[in-house]
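Engineer: What follows is coords18.txt; its format and atoms are compact mmCIF, C-alpha atoms.
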```txt
# COMPACT_ATOMS: atom_id res chain seq x y z
CA MET A 1 -76.85 -54.19 42.87
CA LYS A 2 -73.16 -53.54 42.45
CA ALA A 3 -71.76 -50.68 40.37
CA ILE A 4 -68.22 -49.59 39.58
CA CYS A 5 -67.82 -45.84 40.14
CA LEU A 6 -64.83 -44.05 38.66
CA LEU A 7 -63.70 -41.61 41.33
CA SER A 8 -60.96 -39.04 40.79
CA GLY A 9 -61.73 -37.22 44.01
CA GLY A 10 -63.01 -34.14 42.18
CA LEU A 11 -66.38 -32.43 42.31
CA ASP A 12 -67.88 -34.29 39.35
CA SER A 13 -66.90 -37.82 40.26
CA ALA A 14 -67.92 -37.28 43.90
CA THR A 15 -71.35 -36.06 42.79
CA CYS A 16 -71.58 -38.99 40.36
CA LEU A 17 -70.84 -41.41 43.20
CA ALA A 18 -73.53 -39.78 45.33
CA ALA A 19 -76.00 -40.14 42.43
CA ALA A 20 -75.15 -43.85 42.14
CA ARG A 21 -75.69 -44.28 45.89
CA LEU A 22 -79.06 -42.50 45.58
CA ASP A 23 -80.01 -44.98 42.83
CA GLY A 24 -79.46 -47.75 45.37
CA PHE A 25 -76.18 -49.15 44.09
CA ASP A 26 -73.47 -50.73 46.23
CA CYS A 27 -70.59 -48.69 44.90
CA TYR A 28 -67.12 -50.01 44.17
CA ALA A 29 -65.05 -46.86 43.74
CA LEU A 30 -62.04 -46.97 41.45
CA SER A 31 -59.24 -44.41 41.28
CA PHE A 32 -55.98 -44.34 39.35
CA ASP A 33 -52.46 -43.52 40.27
CA TYR A 34 -51.20 -42.64 36.79
CA GLY A 35 -48.33 -40.39 37.63
CA GLN A 36 -50.53 -37.30 37.74
CA ARG A 37 -48.91 -34.20 39.17
CA HIS A 38 -52.04 -33.70 41.27
CA ARG A 39 -51.70 -37.00 43.14
CA VAL A 40 -53.22 -35.29 46.16
CA GLU A 41 -56.59 -36.08 44.50
CA LEU A 42 -56.11 -39.72 45.56
CA ASP A 43 -56.35 -38.72 49.23
CA SER A 44 -59.53 -36.83 48.38
CA ALA A 45 -60.89 -39.88 46.56
CA GLU A 46 -60.32 -42.08 49.60
CA GLN A 47 -62.04 -39.64 51.94
CA VAL A 48 -64.95 -39.06 49.54
CA ALA A 49 -65.46 -42.82 49.03
CA SER A 50 -65.62 -43.32 52.76
CA ALA A 51 -67.89 -40.31 53.41
CA LEU A 52 -70.36 -41.43 50.74
CA GLY A 53 -70.46 -45.05 51.95
CA ALA A 54 -68.73 -46.82 49.06
CA ALA A 55 -68.58 -50.60 49.57
CA ASP A 56 -64.95 -50.67 48.47
CA HIS A 57 -62.32 -48.31 47.06
CA ARG A 58 -59.30 -49.40 45.07
CA VAL A 59 -56.47 -47.50 43.44
CA ALA A 60 -55.07 -49.08 40.29
CA ARG A 61 -51.51 -48.12 39.46
CA ILE A 62 -50.93 -47.57 35.77
CA ASP A 63 -48.06 -45.85 34.09
CA LEU A 64 -49.27 -43.38 31.50
CA ARG A 65 -45.91 -41.61 31.64
CA VAL A 66 -44.49 -44.42 29.51
CA PHE A 67 -46.00 -42.49 26.57
CA GLY A 68 -45.48 -38.98 27.93
CA HIS A 69 -47.12 -35.99 26.27
CA SER A 70 -49.59 -34.40 28.68
CA ALA A 71 -49.33 -31.50 31.09
CA LEU A 72 -51.04 -33.69 33.70
CA THR A 73 -48.19 -36.20 33.74
CA ASP A 74 -45.25 -34.37 32.15
CA GLU A 75 -43.20 -31.35 32.93
CA ILE A 76 -45.26 -29.26 30.50
CA ALA A 77 -46.78 -26.22 32.26
CA VAL A 78 -50.49 -26.41 33.06
CA PRO A 79 -52.20 -23.53 31.20
CA LYS A 80 -53.70 -20.85 33.43
CA GLY A 81 -56.44 -18.29 33.00
CA ARG A 82 -57.95 -19.67 29.76
CA ASP A 83 -61.36 -18.18 28.98
CA GLU A 84 -64.46 -20.15 28.04
CA TRP A 85 -64.01 -19.49 24.38
CA ALA A 86 -60.59 -21.12 24.43
CA MET A 87 -61.82 -24.03 26.56
CA ASN A 88 -64.63 -24.77 24.13
CA ARG A 89 -62.48 -24.50 21.02
CA GLU A 90 -59.21 -26.08 21.86
CA ILE A 91 -58.25 -29.44 23.28
CA PRO A 92 -55.78 -28.42 26.01
CA VAL A 93 -52.35 -29.89 26.74
CA THR A 94 -53.81 -31.26 29.98
CA TYR A 95 -55.64 -33.83 27.83
CA VAL A 96 -54.20 -37.26 28.64
CA PRO A 97 -54.36 -39.46 25.53
CA ALA A 98 -57.14 -42.04 25.72
CA ARG A 99 -57.46 -41.52 29.48
CA ASN A 100 -61.17 -42.22 29.84
CA THR A 101 -60.83 -45.23 27.52
CA ILE A 102 -58.14 -46.64 29.78
CA PHE A 103 -60.10 -45.83 32.95
CA LEU A 104 -63.30 -47.37 31.59
CA ALA A 105 -61.37 -50.45 30.40
CA PHE A 106 -60.16 -51.01 33.98
CA ALA A 107 -63.68 -50.42 35.30
CA LEU A 108 -64.92 -53.02 32.84
CA ALA A 109 -62.36 -55.52 34.14
CA TRP A 110 -63.48 -54.99 37.73
CA ALA A 111 -67.14 -55.16 36.67
CA GLU A 112 -66.48 -58.57 35.12
CA VAL A 113 -64.79 -59.82 38.28
CA LEU A 114 -67.61 -58.56 40.54
CA GLU A 115 -70.35 -59.47 38.04
CA ALA A 116 -71.53 -55.87 38.15
CA ASN A 117 -73.50 -54.53 35.17
CA ASP A 118 -73.19 -50.82 35.83
CA ILE A 119 -70.29 -48.43 35.50
CA PHE A 120 -70.66 -44.80 36.59
CA ILE A 121 -68.46 -42.06 35.19
CA GLY A 122 -68.86 -38.38 35.99
CA VAL A 123 -68.22 -36.95 32.52
CA ASN A 124 -70.17 -33.99 31.32
CA ALA A 125 -70.56 -32.78 27.80
CA LEU A 126 -71.18 -29.09 28.54
CA ASP A 127 -68.43 -27.75 30.75
CA TYR A 128 -66.04 -30.43 29.60
CA SER A 129 -62.87 -28.51 28.88
CA GLY A 130 -62.79 -29.79 25.30
CA TYR A 131 -61.91 -33.45 25.92
CA PRO A 132 -63.19 -35.76 23.14
CA ASP A 133 -63.76 -38.69 25.49
CA CYS A 134 -66.44 -36.85 27.48
CA ARG A 135 -69.03 -36.83 24.70
CA PRO A 136 -72.23 -38.92 24.71
CA GLU A 137 -71.45 -40.56 21.35
CA TYR A 138 -68.11 -41.74 22.72
CA ILE A 139 -69.76 -43.18 25.85
CA ARG A 140 -72.36 -45.09 23.79
CA ALA A 141 -69.62 -46.54 21.56
CA PHE A 142 -67.66 -47.68 24.63
CA GLU A 143 -70.79 -49.30 26.05
CA ARG A 144 -71.46 -51.15 22.81
CA MET A 145 -67.87 -52.39 22.69
CA SER A 146 -68.09 -53.51 26.34
CA ASN A 147 -70.99 -55.79 25.61
CA LEU A 148 -68.94 -57.55 22.94
CA ALA A 149 -65.78 -57.72 25.06
CA THR A 150 -66.99 -59.66 28.03
CA LYS A 151 -67.86 -63.20 29.03
CA ALA A 152 -71.23 -62.07 30.33
CA GLY A 153 -71.99 -60.31 27.06
CA VAL A 154 -71.06 -63.37 25.01
CA GLU A 155 -73.15 -65.63 27.18
CA GLY A 156 -76.07 -63.17 27.03
CA ARG A 157 -76.21 -63.09 30.82
CA THR A 158 -75.96 -59.38 31.35
CA ARG A 159 -75.68 -56.02 29.66
CA ILE A 160 -73.07 -53.55 30.74
CA ALA A 161 -74.42 -50.01 31.07
CA ILE A 162 -72.11 -46.99 31.20
CA ARG A 163 -74.03 -44.51 33.34
CA THR A 164 -73.33 -40.79 33.08
CA PRO A 165 -75.76 -38.97 35.38
CA LEU A 166 -73.92 -35.65 34.92
CA ILE A 167 -73.54 -35.70 31.16
CA GLN A 168 -76.17 -33.07 30.40
CA LEU A 169 -75.55 -30.89 33.46
CA SER A 170 -73.72 -27.59 33.68
CA LYS A 171 -71.15 -27.17 36.45
CA ALA A 172 -73.71 -25.09 38.35
CA ASP A 173 -76.25 -27.94 38.05
CA ILE A 174 -73.61 -30.36 39.34
CA VAL A 175 -72.90 -28.15 42.35
CA ARG A 176 -76.63 -27.90 43.11
CA LEU A 177 -77.09 -31.67 42.72
CA GLY A 178 -74.02 -32.32 44.87
CA GLN A 179 -75.36 -30.10 47.62
CA LYS A 180 -78.77 -31.80 47.48
CA LEU A 181 -77.11 -35.23 47.77
CA GLY A 182 -74.83 -34.22 50.63
CA VAL A 183 -71.54 -34.41 48.75
CA PRO A 184 -68.76 -33.34 51.13
CA PHE A 185 -67.41 -30.56 48.88
CA GLU A 186 -64.73 -29.75 51.43
CA LEU A 187 -63.13 -33.17 50.80
CA THR A 188 -63.02 -32.89 47.01
CA HIS A 189 -60.02 -31.82 44.95
CA SER A 190 -60.31 -30.46 41.39
CA CYS A 191 -57.09 -28.55 40.70
CA TYR A 192 -54.63 -29.82 38.08
CA ASP A 193 -51.72 -27.92 39.58
CA PRO A 194 -51.91 -27.73 43.37
CA ASP A 195 -49.12 -26.27 45.50
CA PRO A 196 -46.95 -28.61 47.60
CA ALA A 197 -49.48 -28.38 50.44
CA GLY A 198 -52.22 -29.60 48.08
CA ARG A 199 -53.98 -26.24 47.79
CA ALA A 200 -55.81 -25.41 44.54
CA CYS A 201 -54.16 -22.90 42.17
CA GLY A 202 -57.44 -21.19 41.25
CA ALA A 203 -56.35 -20.53 37.66
CA CYS A 204 -56.19 -23.84 35.74
CA ASP A 205 -59.16 -24.93 33.57
CA SER A 206 -60.41 -27.22 36.29
CA CYS A 207 -60.29 -24.55 39.02
CA LEU A 208 -61.91 -21.98 36.70
CA LEU A 209 -64.77 -24.31 35.75
CA ARG A 210 -65.30 -25.23 39.39
CA ALA A 211 -65.33 -21.58 40.52
CA LYS A 212 -67.82 -20.70 37.79
CA GLY A 213 -70.07 -23.59 38.83
CA PHE A 214 -70.18 -22.58 42.49
CA ARG A 215 -70.63 -18.92 41.57
CA GLU A 216 -73.53 -19.61 39.20
CA ALA A 217 -75.15 -21.97 41.71
CA GLY A 218 -74.86 -19.27 44.39
CA ILE A 219 -73.12 -21.67 46.76
CA ALA A 220 -69.83 -21.04 48.57
CA ASP A 221 -67.01 -23.41 47.68
CA PRO A 222 -65.27 -24.56 50.88
CA VAL A 223 -62.16 -25.47 48.84
CA LEU A 224 -61.39 -22.45 46.65
CA ALA A 225 -62.52 -20.07 49.41
CA ARG A 226 -59.96 -21.53 51.81
CA MET B 1 -46.10 -44.77 8.46
CA LYS B 2 -46.10 -45.56 12.15
CA ALA B 3 -48.09 -48.39 13.70
CA ILE B 4 -48.49 -49.58 17.28
CA CYS B 5 -48.02 -53.36 17.48
CA LEU B 6 -49.18 -55.21 20.57
CA LEU B 7 -46.49 -57.77 21.30
CA SER B 8 -46.79 -60.41 23.99
CA GLY B 9 -43.75 -62.31 22.78
CA GLY B 10 -45.81 -65.30 21.65
CA LEU B 11 -46.17 -66.89 18.22
CA ASP B 12 -49.21 -64.89 17.15
CA SER B 13 -48.06 -61.41 18.12
CA ALA B 14 -44.60 -62.03 16.65
CA THR B 15 -46.16 -63.08 13.34
CA CYS B 16 -48.48 -60.08 13.50
CA LEU B 17 -45.48 -57.77 13.97
CA ALA B 18 -43.76 -59.37 10.99
CA ALA B 19 -46.93 -58.83 8.91
CA ALA B 20 -46.99 -55.16 9.90
CA ARG B 21 -43.33 -54.82 8.91
CA LEU B 22 -44.09 -56.46 5.55
CA ASP B 23 -46.85 -53.88 5.03
CA GLY B 24 -44.16 -51.21 5.35
CA PHE B 25 -44.99 -49.87 8.81
CA ASP B 26 -42.49 -48.46 11.30
CA CYS B 27 -43.53 -50.57 14.24
CA TYR B 28 -43.78 -49.35 17.82
CA ALA B 29 -44.07 -52.55 19.82
CA LEU B 30 -45.97 -52.48 23.10
CA SER B 31 -45.89 -55.14 25.81
CA PHE B 32 -47.41 -55.25 29.28
CA ASP B 33 -46.11 -56.24 32.64
CA TYR B 34 -49.45 -57.04 34.28
CA GLY B 35 -48.34 -59.43 36.96
CA GLN B 36 -48.61 -62.43 34.66
CA ARG B 37 -47.09 -65.64 36.01
CA HIS B 38 -45.41 -66.10 32.61
CA ARG B 39 -43.41 -62.87 32.83
CA VAL B 40 -40.65 -64.61 30.89
CA GLU B 41 -42.67 -63.66 27.79
CA LEU B 42 -41.45 -60.06 28.24
CA ASP B 43 -37.87 -61.19 27.53
CA SER B 44 -39.16 -62.92 24.41
CA ALA B 45 -41.02 -59.77 23.38
CA GLU B 46 -37.86 -57.69 23.66
CA GLN B 47 -35.84 -60.13 21.57
CA VAL B 48 -38.58 -60.53 18.96
CA ALA B 49 -39.01 -56.75 18.65
CA SER B 50 -35.30 -56.36 18.05
CA ALA B 51 -35.05 -59.30 15.61
CA LEU B 52 -37.96 -58.01 13.52
CA GLY B 53 -36.66 -54.44 13.40
CA ALA B 54 -39.24 -52.63 15.52
CA ALA B 55 -38.58 -48.89 15.73
CA ASP B 56 -39.23 -48.91 19.47
CA HIS B 57 -40.40 -51.31 22.17
CA ARG B 58 -41.97 -50.27 25.46
CA VAL B 59 -43.31 -52.22 28.39
CA ALA B 60 -46.22 -50.59 30.22
CA ARG B 61 -46.64 -51.64 33.83
CA ILE B 62 -50.25 -52.10 34.84
CA ASP B 63 -51.62 -53.86 37.84
CA LEU B 64 -54.43 -56.21 36.89
CA ARG B 65 -53.94 -58.09 40.15
CA VAL B 66 -55.79 -55.27 41.91
CA PHE B 67 -58.97 -57.05 40.70
CA GLY B 68 -57.68 -60.63 40.93
CA HIS B 69 -59.64 -63.49 39.42
CA SER B 70 -57.61 -65.08 36.63
CA ALA B 71 -55.29 -68.05 36.52
CA LEU B 72 -52.82 -65.89 34.57
CA THR B 73 -52.34 -63.48 37.46
CA ASP B 74 -53.64 -65.35 40.52
CA GLU B 75 -52.71 -68.47 42.36
CA ILE B 76 -55.43 -70.41 40.53
CA ALA B 77 -53.98 -73.43 38.72
CA VAL B 78 -53.62 -73.16 34.93
CA PRO B 79 -55.79 -75.92 33.38
CA LYS B 80 -53.85 -78.60 31.55
CA GLY B 81 -54.69 -81.07 28.79
CA ARG B 82 -58.04 -79.53 27.74
CA ASP B 83 -59.28 -80.89 24.42
CA GLU B 84 -60.51 -78.76 21.53
CA TRP B 85 -64.13 -79.34 22.40
CA ALA B 86 -63.60 -77.82 25.84
CA MET B 87 -61.52 -74.93 24.45
CA ASN B 88 -64.26 -74.04 21.99
CA ARG B 89 -67.08 -74.27 24.51
CA GLU B 90 -65.81 -72.85 27.71
CA ILE B 91 -64.16 -69.56 28.56
CA PRO B 92 -61.19 -70.72 30.64
CA VAL B 93 -60.00 -69.42 34.00
CA THR B 94 -56.92 -68.09 32.19
CA TYR B 95 -59.17 -65.40 30.72
CA VAL B 96 -58.07 -62.04 32.15
CA PRO B 97 -61.09 -59.75 32.43
CA ALA B 98 -61.13 -57.10 29.72
CA ARG B 99 -57.47 -57.72 28.92
CA ASN B 100 -57.55 -56.89 25.22
CA THR B 101 -59.71 -53.84 25.94
CA ILE B 102 -57.09 -52.59 28.39
CA PHE B 103 -54.20 -53.43 26.02
CA LEU B 104 -55.90 -51.74 23.06
CA ALA B 105 -56.72 -48.69 25.22
CA PHE B 106 -53.01 -48.28 26.00
CA ALA B 107 -52.15 -48.80 22.32
CA LEU B 108 -54.65 -46.07 21.47
CA ALA B 109 -52.96 -43.71 23.95
CA TRP B 110 -49.56 -44.32 22.37
CA ALA B 111 -51.05 -43.97 18.88
CA GLU B 112 -52.37 -40.54 19.83
CA VAL B 113 -49.00 -39.45 21.15
CA LEU B 114 -47.14 -40.68 18.04
CA GLU B 115 -49.91 -39.58 15.66
CA ALA B 116 -50.09 -43.15 14.36
CA ASN B 117 -53.33 -44.32 12.75
CA ASP B 118 -52.77 -48.05 12.84
CA ILE B 119 -52.83 -50.54 15.70
CA PHE B 120 -51.92 -54.18 15.07
CA ILE B 121 -53.14 -56.96 17.34
CA GLY B 122 -52.53 -60.65 16.71
CA VAL B 123 -55.93 -61.99 17.74
CA ASN B 124 -57.46 -64.85 15.86
CA ALA B 125 -61.06 -65.93 15.89
CA LEU B 126 -60.54 -69.60 15.04
CA ASP B 127 -58.04 -71.12 17.47
CA TYR B 128 -58.80 -68.51 20.07
CA SER B 129 -59.19 -70.49 23.25
CA GLY B 130 -62.69 -69.12 23.82
CA TYR B 131 -61.84 -65.52 24.71
CA PRO B 132 -64.67 -63.09 23.84
CA ASP B 133 -62.32 -60.22 23.08
CA CYS B 134 -60.73 -62.00 20.12
CA ARG B 135 -63.80 -61.85 17.88
CA PRO B 136 -64.11 -59.63 14.78
CA GLU B 137 -67.28 -57.92 16.02
CA TYR B 138 -65.47 -56.91 19.20
CA ILE B 139 -62.53 -55.49 17.23
CA ARG B 140 -64.82 -53.45 14.96
CA ALA B 141 -66.63 -52.03 18.01
CA PHE B 142 -63.31 -51.05 19.59
CA GLU B 143 -62.23 -49.36 16.37
CA ARG B 144 -65.46 -47.39 16.17
CA MET B 145 -65.11 -46.28 19.79
CA SER B 146 -61.47 -45.26 19.15
CA ASN B 147 -62.46 -42.85 16.43
CA LEU B 148 -64.79 -41.09 18.85
CA ALA B 149 -62.30 -41.11 21.74
CA THR B 150 -59.44 -39.20 20.24
CA LYS B 151 -58.43 -35.68 19.38
CA ALA B 152 -57.61 -36.72 15.83
CA GLY B 153 -61.00 -38.37 15.42
CA VAL B 154 -62.83 -35.29 16.69
CA GLU B 155 -60.84 -33.01 14.44
CA GLY B 156 -61.44 -35.36 11.49
CA ARG B 157 -57.69 -35.52 10.85
CA THR B 158 -57.26 -39.27 10.92
CA ARG B 159 -59.02 -42.57 11.29
CA ILE B 160 -57.70 -45.18 13.67
CA ALA B 161 -57.66 -48.67 12.18
CA ILE B 162 -57.36 -51.77 14.37
CA ARG B 163 -55.55 -54.26 12.12
CA THR B 164 -55.87 -57.99 12.72
CA PRO B 165 -53.93 -59.79 9.97
CA LEU B 166 -54.30 -63.17 11.73
CA ILE B 167 -57.98 -63.01 12.59
CA GLN B 168 -59.15 -65.53 9.99
CA LEU B 169 -56.10 -67.80 10.16
CA SER B 170 -55.79 -71.17 11.84
CA LYS B 171 -52.74 -71.78 14.05
CA ALA B 172 -51.24 -73.83 11.20
CA ASP B 173 -51.74 -70.87 8.83
CA ILE B 174 -50.06 -68.60 11.36
CA VAL B 175 -47.06 -70.93 11.63
CA ARG B 176 -46.79 -71.06 7.82
CA LEU B 177 -47.08 -67.28 7.54
CA GLY B 178 -44.56 -66.80 10.33
CA GLN B 179 -42.06 -69.06 8.58
CA LYS B 180 -42.55 -67.23 5.29
CA LEU B 181 -41.95 -63.87 7.00
CA GLY B 182 -38.86 -65.07 8.86
CA VAL B 183 -40.32 -64.92 12.38
CA PRO B 184 -37.67 -66.16 14.82
CA PHE B 185 -39.84 -68.91 16.33
CA GLU B 186 -37.02 -69.89 18.67
CA LEU B 187 -37.32 -66.52 20.43
CA THR B 188 -41.08 -66.69 21.00
CA HIS B 189 -42.78 -67.80 24.21
CA SER B 190 -46.39 -69.03 24.31
CA CYS B 191 -46.75 -71.04 27.52
CA TYR B 192 -49.02 -69.78 30.33
CA ASP B 193 -47.26 -71.82 32.98
CA PRO B 194 -43.53 -72.13 32.32
CA ASP B 195 -41.11 -73.76 34.76
CA PRO B 196 -38.70 -71.55 36.72
CA ALA B 197 -36.19 -71.78 33.86
CA GLY B 198 -38.82 -70.41 31.46
CA ARG B 199 -39.44 -73.70 29.64
CA ALA B 200 -42.91 -74.34 28.21
CA CYS B 201 -45.14 -76.83 30.06
CA GLY B 202 -46.51 -78.39 26.86
CA ALA B 203 -49.97 -78.96 28.37
CA CYS B 204 -51.73 -75.61 28.88
CA ASP B 205 -54.21 -74.36 26.25
CA SER B 206 -51.58 -72.09 24.73
CA CYS B 207 -48.96 -74.86 24.42
CA LEU B 208 -51.54 -77.31 23.02
CA LEU B 209 -52.76 -74.83 20.38
CA ARG B 210 -49.18 -74.00 19.43
CA ALA B 211 -48.20 -77.68 19.15
CA LYS B 212 -51.25 -78.39 16.99
CA GLY B 213 -50.38 -75.45 14.72
CA PHE B 214 -46.81 -76.57 14.12
CA ARG B 215 -47.90 -80.21 13.69
CA GLU B 216 -50.58 -79.32 11.13
CA ALA B 217 -48.19 -76.99 9.28
CA GLY B 218 -45.61 -79.78 9.14
CA ILE B 219 -42.97 -77.51 10.68
CA ALA B 220 -40.79 -78.33 13.67
CA ASP B 221 -41.23 -76.03 16.68
CA PRO B 222 -37.81 -75.05 18.03
CA VAL B 223 -39.43 -74.19 21.40
CA LEU B 224 -41.61 -77.16 22.34
CA ALA B 225 -39.11 -79.58 20.81
CA ARG B 226 -36.35 -78.27 23.11
```
Rewrite the structure from the file as structure tokens, please.
Structural biologist:
Amino acid sequence: MKAICLLSGGLDSATCLAAARLDGFDCYALSFDYGQRHRVELDSAEQVASALGAADHRVARIDLRVFGHSALTDEIAVPKGRDEWAMNREIPVTYVPARNTIFLAFALAWAEVLEANDIFIGVNALDYSGYPDCRPEYIRAFERMSNLATKAGVEGRTRIAIRTPLIQLSKADIVRLGQKLGVPFELTHSCYDPDPAGRACGACDSCLLRAKGFREAGIADPVLAR
Amino acid sequence: MKAICLLSGGLDSATCLAAARLDGFDCYALSFDYGQRHRVELDSAEQVASALGAADHRVARIDLRVFGHSALTDEIAVPKGRDEWAMNREIPVTYVPARNTIFLAFALAWAEVLEANDIFIGVNALDYSGYPDCRPEYIRAFERMSNLATKAGVEGRTRIAIRTPLIQLSKADIVRLGQKLGVPFELTHSCYDPDPAGRACGACDSCLLRAKGFREAGIADPVLAR
């Protein structure tokens, strides 16, 4: 069975890919070059896809900068040192408008071409940094739309399933699951604002959530400890 | 009020843009360079946007060729001379997987940035060449998903509406509406397989549907008659 696996190169998507492999899927990993300031994650994605035995890995180039307006693609500063209260209350400027919708739309296109029924995305609804498009009700609505959008859906041949194995896990659970599944943590990249050498800043939302996850799981992070 | 208007440069999207203008919207026209063999339509889009007084027009570059598998982007021949029976029964090879889903996802991103609540798309469910993502049930599902995907939806500030003023119209109705609204038909481009000078082939599904529309409306087409 073929599955499309969205793969940013971070901890979550790498663990999600490993979970898809464990479920017996031939995984077609999909990453995006969208003008992100942390493009170094694409190198991580390639290495993670290879290490976890993905059947294929492609990078789709899309230009989200045409609309501007996110710290991940613009020259707006990435916020540092936010506490959990702020992360849970406030949608941060690192939110890229409609990003998961765009990523899932591309995954749906590739699924149609490959006649795959399954799309994996490593969103989680707990430690989710306040992004609206990480919530279960959003994922279900996308899935429903997918089954009306496609040839296969119209012909009643298949049902597209959007699979979110991490959606109910805390970051610590994800770290534990990743370790159990042999995710090469040392190859992953989570930071939104790495230095020119690609090293994590340790202070953006993504670094803070990652550090908390490893700490609570009682596992050493080979990346942030470097 | 701001609205995003998907604009391919063809008859339908131009008429849709004119309908949005008539409704009093400031229109932000959005086109895509997706490796289509009929890239000449982007020149049409630019001219149509200007002629109909769009507030802005942007072209997002996305690479659908990374997945291949459509006569619109690949080296597969565009089918010619199909009759209506075939068009209504068979999804053609010119179908680009998940194209409207991808286009609407980008429109949603721009809508979030501009804080626009309305997205216009010129799909129609009658003379629709058999594409699944032109049907009303698909559009409603996309709309529902949109309101779960976005900051504004989560905060309850706004509701995204996907507007489809042409969805119940025949091609002849669209031509009549376009004429009434002053759509510059001579600037539009519908053909999937133009010659190197950008002239319409007259035999692909899109040309045949357009010709039928003008014929049934009793209006001369300044493009196909050239």
Engineer: Given the point (-56.4, -55.6, 12.0) in the file's coordinates, find the residues that have an atom at most 9 Å from it, counting all atoms listed in the file, and give them as a ChimeraX atom specification.
Structural biologist: /B:118-123,139,161-167
Engineer: Would you mind listing, as a PDB file with C-alpha atoms, keeping the file's coordinate frame, all residues of chain A that have at least one atom within 6 Å of chain B, where only C-alpha atoms are what counts?
Structural biologist:
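As a result, iface-v4.pdb now contains:
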```pdb
ATOM      1  CA  ARG A  61     -51.510 -48.120  39.460  1.00  0.00           C
ATOM      2  CA  ILE A  62     -50.930 -47.570  35.770  1.00  0.00           C
ATOM      3  CA  ASP A  63     -48.060 -45.850  34.090  1.00  0.00           C
ATOM      4  CA  PHE A  67     -46.000 -42.490  26.570  1.00  0.00           C
ATOM      5  CA  PRO A  97     -54.360 -39.460  25.530  1.00  0.00           C
ATOM      6  CA  ALA A  98     -57.140 -42.040  25.720  1.00  0.00           C
ATOM      7  CA  THR A 101     -60.830 -45.230  27.520  1.00  0.00           C
ATOM      8  CA  ILE A 102     -58.140 -46.640  29.780  1.00  0.00           C
ATOM      9  CA  ALA A 105     -61.370 -50.450  30.400  1.00  0.00           C
ATOM     10  CA  ALA A 109     -62.360 -55.520  34.140  1.00  0.00           C
ATOM     11  CA  TRP A 110     -63.480 -54.990  37.730  1.00  0.00           C
ATOM     12  CA  PRO A 132     -63.190 -35.760  23.140  1.00  0.00           C
ATOM     13  CA  ASP A 133     -63.760 -38.690  25.490  1.00  0.00           C
ATOM     14  CA  TYR A 138     -68.110 -41.740  22.720  1.00  0.00           C
ATOM     15  CA  ALA A 141     -69.620 -46.540  21.560  1.00  0.00           C
ATOM     16  CA  PHE A 142     -67.660 -47.680  24.630  1.00  0.00           C
ATOM     17  CA  MET A 145     -67.870 -52.390  22.690  1.00  0.00           C
ATOM     18  CA  LEU A 148     -68.940 -57.550  22.940  1.00  0.00           C
ATOM     19  CA  ALA A 149     -65.780 -57.720  25.060  1.00  0.00           C
ATOM     20  CA  THR A 150     -66.990 -59.660  28.030  1.00  0.00           C
TER      21      THR A 150
END
```
Engineer: What's around Ala3 in chain B at 7 Å? Count only C-alpha atoms, leave out sequence neighbours fewer than 5 positions away in its own chain, and write the answer as number ranges by chain.
Structural biologist: B: 25-28, 116-119
Engineer: Interatomic distance between CA of Ala172 in chain B and CA of Ala125 in chain B?
Structural biologist: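 Spanning CA of Ala172 in chain B to CA of Ala125 in chain B is a straight-line distance of 13.4 Å.
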Engineer: Do you know which residues are at most 9 Å from His57 in chain A counting all atoms listed in the file, after dropping those on the same chain fewer than 4 positions away, and could you put them as a PyMOL selection string?
Structural biologist: chain A and resi 7+27-31+45-46+49-50
Engineer: Skipping near chain neighbours, those fewer than 6 positions away, what residues fall within 7 Å of range 79-83 of chain A using all atoms listed in the file, listed as an MDAnalysis selection string?
Structural biologist: chainID A and resid 203:205
Engineer: May I ask for the distance between CA of Val183 in chain A and CA of Gly213 in chain A, given in Å to one decimal place?
Structural biologist: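 A separation of 14.8 Å between them.
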Engineer: What's the separation between CA of Ala55 in chain B and CA of Asp43 in chain B, in Å to one decimal place?
Structural biologist: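 Going from CA of Ala55 in chain B over to CA of Asp43 in chain B covers 17.1 Å.
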Engineer: Counting all atoms listed in the file, find the residues whose atoms lie at most 12 Å from (-62.4, -34.8, 44.5) (file coordinates) and write them out as a PyMOL selection string.
Structural biologist: chain A and resi 6-17+31+38-49+51+122+178+183-192+198+200+206-207+210+223
Engineer: Need the shell around Lys171 in chain B: protein/DNA/RNA residues with any atom at most 10 Å away, counting all atoms listed in the file. Skip same-chain ones fewer than 5 positions apart. Format as a PyMOL selection string?
Structural biologist: chain B and resi 11-12+124+126-128+166+176-177+209-217
Engineer: Restricting the output to C-alpha atoms, write the selected residues as a compact mmCIF listing (two decimals), in the frame of the given file.
Structural biologist:
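That gives us selection_20.txt:
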```
# COMPACT_ATOMS: atom_id res chain seq x y z
CA LEU B 11 -46.17 -66.89 18.22
CA ASP B 12 -49.21 -64.89 17.15
CA ASN B 124 -57.46 -64.85 15.86
CA LEU B 126 -60.54 -69.60 15.04
CA ASP B 127 -58.04 -71.12 17.47
CA TYR B 128 -58.80 -68.51 20.07
CA LEU B 166 -54.30 -63.17 11.73
CA ARG B 176 -46.79 -71.06 7.82
CA LEU B 177 -47.08 -67.28 7.54
CA LEU B 209 -52.76 -74.83 20.38
CA ARG B 210 -49.18 -74.00 19.43
CA ALA B 211 -48.20 -77.68 19.15
CA LYS B 212 -51.25 -78.39 16.99
CA GLY B 213 -50.38 -75.45 14.72
CA PHE B 214 -46.81 -76.57 14.12
CA ARG B 215 -47.90 -80.21 13.69
CA GLU B 216 -50.58 -79.32 11.13
CA ALA B 217 -48.19 -76.99 9.28
```
Engineer: Which one of B:Leu169, B:Ala18, B:Ile160, B:Ala197 sits closest to Gly182 in chain B if you count all atoms listed in the file?
Structural biologist: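 Counting all atoms listed in the file, the residue closest to Gly182 in chain B is B:Ala18.
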